[in-house]
$ cat model.cif   # mmCIF, C-alpha atoms
data_input
#
loop_
_atom_site.label_atom_id
_atom_site.label_comp_id
_atom_site.auth_asym_id
_atom_site.auth_seq_id
_atom_site.Cartn_x
_atom_site.Cartn_y
_atom_site.Cartn_z
CA LEU D 9 1.92 1.24 -3.10
CA LEU D 10 -1.17 -0.99 -3.32
CA SER D 11 -0.89 -4.72 -2.67
CA VAL D 12 -0.98 -7.21 -5.53
CA GLU D 13 -4.24 -8.58 -4.08
CA ILE D 14 -5.92 -5.18 -4.36
CA LEU D 15 -4.61 -4.76 -7.91
CA GLU D 16 -5.98 -8.21 -8.80
CA GLU D 17 -9.39 -7.11 -7.46
CA ARG D 18 -9.23 -3.99 -9.66
CA VAL D 19 -8.40 -6.10 -12.72
CA ASN D 20 -11.18 -8.57 -11.93
CA ASP D 21 -13.62 -5.64 -11.62
CA TYR D 22 -12.41 -4.37 -15.02
CA LEU D 23 -12.96 -7.84 -16.53
CA THR D 24 -16.65 -7.81 -15.54
CA TYR D 25 -17.26 -5.52 -18.54
CA TYR D 26 -16.66 -8.48 -20.85
CA GLU D 27 -19.28 -11.08 -21.69
CA THR D 28 -16.62 -13.80 -21.87
CA ASP D 29 -15.22 -15.30 -18.66
CA LEU D 30 -11.69 -13.89 -18.45
CA VAL D 31 -9.06 -14.70 -15.81
CA ILE D 32 -5.64 -13.35 -14.91
CA SER D 33 -2.91 -15.65 -16.21
CA ASP D 34 0.19 -13.96 -14.85
CA ILE D 35 1.37 -10.71 -13.34
CA PHE D 36 4.67 -9.02 -14.07
CA ILE D 37 5.69 -6.72 -11.24
CA TYR D 38 8.03 -3.92 -12.31
CA GLU D 39 9.97 -1.67 -9.98
CA ASP D 40 9.67 1.48 -12.04
CA SER D 41 6.44 1.26 -14.04
CA ASP D 42 2.91 -0.06 -14.07
CA TYR D 43 2.40 -3.77 -13.51
CA TYR D 44 1.57 -6.00 -16.49
CA PHE D 45 -1.39 -8.42 -16.25
CA SER D 46 -1.87 -11.11 -18.88
CA VAL D 47 -5.53 -12.18 -19.17
CA VAL D 48 -6.87 -15.34 -20.82
CA GLU D 49 -10.26 -16.76 -21.69
CA GLU D 50 -11.11 -19.23 -18.95
CA GLU D 51 -12.89 -21.64 -21.29
CA THR D 52 -10.25 -21.79 -24.05
CA GLY D 53 -7.06 -20.82 -22.22
CA ARG D 54 -6.30 -18.51 -25.14
CA GLY D 55 -4.89 -15.07 -24.48
CA ALA D 56 -7.50 -12.32 -24.45
CA ILE D 57 -5.96 -9.04 -23.35
CA GLU D 58 -2.86 -7.54 -21.79
CA LEU D 59 -3.48 -4.90 -19.14
CA LEU D 60 -1.36 -2.39 -17.26
CA VAL D 61 -2.19 -1.43 -13.68
CA ASN D 62 -0.75 1.51 -11.80
CA PRO D 63 0.50 0.16 -8.45
CA TYR D 64 -0.19 3.49 -6.69
CA THR D 65 -3.66 4.39 -8.03
CA GLY D 66 -4.98 0.98 -9.10
CA ASN D 67 -6.00 2.39 -12.51
CA VAL D 68 -6.40 -0.39 -15.08
CA TYR D 69 -5.94 0.19 -18.82
CA PRO D 70 -5.02 -1.80 -21.97
CA ASP D 71 -1.33 -2.38 -22.67
CA PHE D 72 0.05 -0.60 -25.71
CA GLY D 73 1.40 -2.25 -28.84
CA PRO D 74 0.30 -5.72 -29.91
CA ASN D 75 -2.58 -5.79 -27.43
CA MET D 76 -4.14 -2.84 -29.24
CA MET D 77 -2.76 -3.17 -32.76
CA TRP D 78 -2.57 -6.94 -33.39
CA ASN D 79 -5.31 -8.33 -31.14
CA LEU D 80 -7.96 -9.42 -33.63
CA LYS D 81 -10.69 -10.13 -31.09
CA TYR D 82 -10.14 -7.82 -28.11
CA GLY D 83 -8.03 -5.07 -29.70
CA MET D 84 -8.92 -1.73 -31.25
CA HIS D 85 -11.32 -3.11 -33.83
CA GLY D 86 -12.35 -6.46 -32.41
CA SER D 87 -15.76 -7.14 -30.92
CA GLY D 88 -14.12 -8.38 -27.73
CA GLY D 89 -17.33 -9.40 -26.06
CA MET D 90 -17.69 -6.11 -24.18
CA ARG D 91 -21.13 -5.53 -22.74
CA SER D 92 -21.22 -1.82 -23.59
CA GLY D 93 -19.38 -1.58 -26.88
CA ARG D 94 -17.50 -3.35 -29.60
CA GLY D 95 -13.81 -3.16 -28.78
CA MET D 96 -11.50 -0.39 -27.68
CA MET D 97 -12.09 2.12 -30.44
CA SER D 98 -15.12 0.86 -32.22
CA GLY D 99 -18.15 2.94 -32.87
CA ARG D 100 -20.88 3.42 -35.36
CA HIS D 101 -18.69 5.22 -37.87
CA MET D 102 -15.28 3.72 -37.12
CA SER D 103 -15.23 0.96 -39.73
CA SER D 104 -17.42 -0.76 -42.28
CA TYR D 105 -15.55 -4.06 -41.85
CA ASP D 106 -17.44 -6.80 -40.01
CA TYR D 107 -14.92 -7.98 -37.42
CA ASP D 108 -17.29 -10.71 -36.23
CA ASP D 109 -16.46 -12.69 -39.40
CA ILE D 110 -12.69 -12.54 -38.93
CA ASP D 111 -10.62 -15.72 -39.11
CA TYR D 112 -8.67 -16.05 -35.85
CA ASP D 113 -6.30 -18.75 -37.15
CA HIS D 114 -2.67 -17.71 -37.43
CA ALA D 115 -0.65 -18.03 -40.63
CA ILE D 116 2.34 -19.16 -38.54
CA ASN D 117 2.41 -21.59 -35.64
CA HIS D 118 4.05 -21.01 -32.26
CA GLU D 119 7.32 -22.73 -33.32
CA GLU D 120 7.65 -20.37 -36.29
CA ALA D 121 6.76 -17.40 -34.07
CA TYR D 122 9.40 -18.57 -31.59
CA ASN D 123 12.02 -18.68 -34.37
CA TYR D 124 11.14 -15.13 -35.46
CA GLY D 125 11.57 -14.00 -31.86
CA VAL D 126 14.92 -15.79 -31.47
CA SER D 127 16.22 -14.25 -34.71
CA TYR D 128 15.20 -10.80 -33.51
CA LEU D 129 16.90 -11.15 -30.12
CA ASP D 130 20.05 -12.62 -31.71
CA LYS D 131 20.26 -9.66 -34.07
CA TYR D 132 19.65 -6.82 -31.60
CA TYR D 133 20.43 -7.97 -28.05
CA ASP D 134 23.30 -9.76 -26.33
CA ASN D 135 22.63 -12.31 -23.60
CA LEU D 136 18.83 -12.47 -24.04
CA GLN D 137 17.06 -15.75 -24.74
CA LEU D 138 13.49 -16.40 -25.76
CA SER D 139 11.71 -18.75 -23.40
CA GLN D 140 9.47 -21.53 -24.66
CA ASP D 141 6.78 -20.06 -22.36
CA PHE D 142 4.16 -18.25 -24.40
CA ILE D 143 0.52 -17.27 -24.56
CA GLU D 144 -1.31 -17.38 -27.87
CA PHE D 145 -3.52 -14.33 -28.28
CA TYR D 146 -5.94 -13.65 -31.13
CA GLY D 147 -3.48 -12.39 -33.73
CA TYR D 148 -0.14 -12.83 -31.99
CA PHE D 149 2.01 -14.79 -29.55
CA THR D 150 3.65 -13.32 -26.45
CA PHE D 151 6.81 -15.01 -25.13
CA HIS D 152 8.86 -14.48 -22.00
CA ILE D 153 12.40 -13.17 -22.46
CA ASP D 154 15.08 -14.61 -20.19
CA LYS D 155 18.48 -13.33 -19.15
CA ASP D 156 20.75 -15.62 -17.13
CA ASN D 157 17.88 -18.13 -16.79
CA LYS D 158 15.55 -15.54 -15.22
CA THR D 159 12.51 -13.96 -16.88
CA MET D 160 13.17 -10.27 -17.48
CA GLY D 161 10.52 -9.21 -19.98
CA ILE D 162 8.24 -10.09 -22.89
CA LEU D 163 8.27 -10.10 -26.66
CA SER D 164 5.34 -10.53 -29.07
CA VAL D 165 5.27 -12.01 -32.57
CA ASN D 166 2.48 -11.28 -35.03
CA GLY D 167 0.70 -14.54 -35.92
CA LEU D 168 0.01 -13.42 -39.48
CA THR D 169 3.22 -11.63 -40.52
CA GLY D 170 5.95 -12.75 -38.11
CA ASP D 171 6.68 -9.13 -37.15
CA VAL D 172 8.31 -8.80 -33.73
CA TRP D 173 7.48 -6.30 -30.99
CA TYR D 174 9.80 -6.18 -27.97
CA HIS D 175 8.00 -4.72 -24.94
CA GLU D 176 10.91 -2.61 -23.72
CA TRP D 177 8.89 0.19 -22.10
CA HIS D 178 7.98 -1.75 -18.96
CA GLY D 179 11.25 -1.30 -17.04
CA ASN D 180 13.03 -3.57 -14.57
CA LEU D 181 11.15 -6.76 -13.77
CA VAL D 182 11.06 -7.69 -10.09
CA GLU D 183 8.80 -10.76 -10.07
CA VAL D 184 6.44 -12.87 -12.17
CA ILE D 185 3.39 -14.29 -10.40
CA GLU D 186 1.59 -17.11 -12.17
CA VAL D 187 -2.09 -16.95 -11.29
CA TYR D 188 -3.77 -19.24 -13.83
CA ASN D 189 -1.94 -22.05 -15.64
CA VAL D 190 -2.61 -21.91 -19.36
CA GLU D 191 -2.81 -25.57 -20.38
CA SER D 192 -3.18 -24.98 -24.13
CA ASN D 193 0.61 -24.52 -24.61
#
$ encode --input "model.cif" --output "C-alpha cells"
Amino acid sequence: LLSVEILEERVNDYLTYYETDLVISDIFIYEDSDYYFSVVEEETGRGAIELLVNPYTGNVYPDFGPNMMWNLKYGMHGSGGMRSGRGMMSGRHMSSYDYDDIDYDHAINHEEAYNYGVSYLDKYYDNLQLSQDFIEFYGYFTFHIDKDNKTMGILSVNGLTGDVWYHEWHGNLVEVIEVYNVESN
C-alpha cells in the first residue's frame, strides 16, 4: 500500500498535462477500492476533475460517471486545457461541435441542486443526509453524503437537468483529507 503522500505526487504529476493550474481539493480514502481525488482550478476554486488512484500501483485515471459524462470542460468532449489533446475522448473525427464556445453556467444553482440530492436520498436511502459541503464542477455539483454526522460518500447533481448520480461504487470510506480549501462555496 503506497502512502497518501506518494499518491498525491502521482496525481500532481498527472495534473502537469493540463495547461490550467489544478490542485487537489480533497482525498477520499476507501478501504476496499481506489482512492478518490477531487481536483479544482487553483485560480477559480471551481471543480475541474475527479480522479481515482490505485493505492497499490499508484495508477491515476478519471473517475467514472459525472466526471466523464457531465463535465462540460474537462470531461469526454471538453477542451480541458490538456497540452496534448482536447479532452478525454476528443479527436479529429469525434465531434463537429465546438466545445470551446460552450456556456458553463448552470441552469440550477447549488441550493436547487442540494434539494434534488436531498429528495433522491429521502426516496432511496434511510439514514443518509446530504451535507452542505459541495464543489461546483463545470456541468454539475458534487456533495458529500453523511451518515450519523460522518461523511461516508458523495453524490453529484447535474447543473443543467437536476439528474442525480450517487457514487456508490467506491466502497467503505475510511477518511477524508482536505488538501485545498475551496473558498467559492
$ resolve_selection --input "model.cif" --expression "the PyMOL selection byres ((chain D and resi 50) around 7)" --output "ChimeraX atom specification"
/D:29-31,48-49,51-53
$ closest_residue --input "model.cif" --among "D:Tyr112, D:Phe45, D:Tyr82, D:Phe151" --to "D:Val19" --atoms "all atoms listed in the file"
D:Phe45
$ resolve_selection --input "model.cif" --expression "the PyMOL selection byres ((chain D and resi 150) around 12)" --output "mmCIF file with C-alpha atoms, in the frame of the given file"
data_model
loop_
_atom_site.group_PDB
_atom_site.id
_atom_site.type_symbol
_atom_site.label_atom_id
_atom_site.label_comp_id
_atom_site.auth_asym_id
_atom_site.auth_seq_id
_atom_site.Cartn_x
_atom_site.Cartn_y
_atom_site.Cartn_z
ATOM 1 C CA SER D 46 -1.870 -11.110 -18.880
ATOM 2 C CA VAL D 47 -5.530 -12.180 -19.170
ATOM 3 C CA ARG D 54 -6.300 -18.510 -25.140
ATOM 4 C CA GLY D 55 -4.890 -15.070 -24.480
ATOM 5 C CA ALA D 56 -7.500 -12.320 -24.450
ATOM 6 C CA ILE D 57 -5.960 -9.040 -23.350
ATOM 7 C CA GLU D 58 -2.860 -7.540 -21.790
ATOM 8 C CA GLY D 73 1.400 -2.250 -28.840
ATOM 9 C CA PRO D 74 0.300 -5.720 -29.910
ATOM 10 C CA ASN D 75 -2.580 -5.790 -27.430
ATOM 11 C CA TRP D 78 -2.570 -6.940 -33.390
ATOM 12 C CA ASN D 79 -5.310 -8.330 -31.140
ATOM 13 C CA HIS D 118 4.050 -21.010 -32.260
ATOM 14 C CA ALA D 121 6.760 -17.400 -34.070
ATOM 15 C CA TYR D 122 9.400 -18.570 -31.590
ATOM 16 C CA TYR D 124 11.140 -15.130 -35.460
ATOM 17 C CA GLY D 125 11.570 -14.000 -31.860
ATOM 18 C CA LEU D 138 13.490 -16.400 -25.760
ATOM 19 C CA SER D 139 11.710 -18.750 -23.400
ATOM 20 C CA GLN D 140 9.470 -21.530 -24.660
ATOM 21 C CA ASP D 141 6.780 -20.060 -22.360
ATOM 22 C CA PHE D 142 4.160 -18.250 -24.400
ATOM 23 C CA ILE D 143 0.520 -17.270 -24.560
ATOM 24 C CA GLU D 144 -1.310 -17.380 -27.870
ATOM 25 C CA PHE D 145 -3.520 -14.330 -28.280
ATOM 26 C CA TYR D 146 -5.940 -13.650 -31.130
ATOM 27 C CA GLY D 147 -3.480 -12.390 -33.730
ATOM 28 C CA TYR D 148 -0.140 -12.830 -31.990
ATOM 29 C CA PHE D 149 2.010 -14.790 -29.550
ATOM 30 C CA PHE D 151 6.810 -15.010 -25.130
ATOM 31 C CA HIS D 152 8.860 -14.480 -22.000
ATOM 32 C CA ILE D 153 12.400 -13.170 -22.460
ATOM 33 C CA GLY D 161 10.520 -9.210 -19.980
ATOM 34 C CA ILE D 162 8.240 -10.090 -22.890
ATOM 35 C CA LEU D 163 8.270 -10.100 -26.660
ATOM 36 C CA SER D 164 5.340 -10.530 -29.070
ATOM 37 C CA VAL D 165 5.270 -12.010 -32.570
ATOM 38 C CA ASN D 166 2.480 -11.280 -35.030
ATOM 39 C CA GLY D 167 0.700 -14.540 -35.920
ATOM 40 C CA GLY D 170 5.950 -12.750 -38.110
ATOM 41 C CA ASP D 171 6.680 -9.130 -37.150
ATOM 42 C CA VAL D 172 8.310 -8.800 -33.730
ATOM 43 C CA TRP D 173 7.480 -6.300 -30.990
ATOM 44 C CA TYR D 174 9.800 -6.180 -27.970
ATOM 45 C CA HIS D 175 8.000 -4.720 -24.940
ATOM 46 C CA ASN D 193 0.610 -24.520 -24.610
#
$ resolve_selection --input "model.cif" --expression "the PyMOL selection byres ((chain D and resi 184) around 7)" --output "PyMOL selection string"
chain D and resi 34-37+183+185-186
$ closest_residue --input "model.cif" --among "D:Thr24, D:Asn189, D:Thr159, D:Gln137" --to "D:Tyr38" --atoms "all atoms listed in the file"
D:Thr159
$ atom_distance --input "model.cif" --atom1 "atom CA of D:Tyr69" --atom2 "atom CA of D:Asn180"
19.8 Å
$ axis_aligned_box --input "model.cif" --around "stretch 74-81 of chain D" --padding-each-side "4 Å" --output "lines of an AutoDock Vina configuration file"
center_x = -5.2
center_y = -6.5
center_z = -30.5
size_x = 19.0
size_y = 15.3
size_z = 14.2
$ closest_residue --input "model.cif" --among "D:Asn67, D:Asp42, D:Leu136, D:Glu17" --to "D:Val182" --atoms "all atoms listed in the file"
D:Asp42
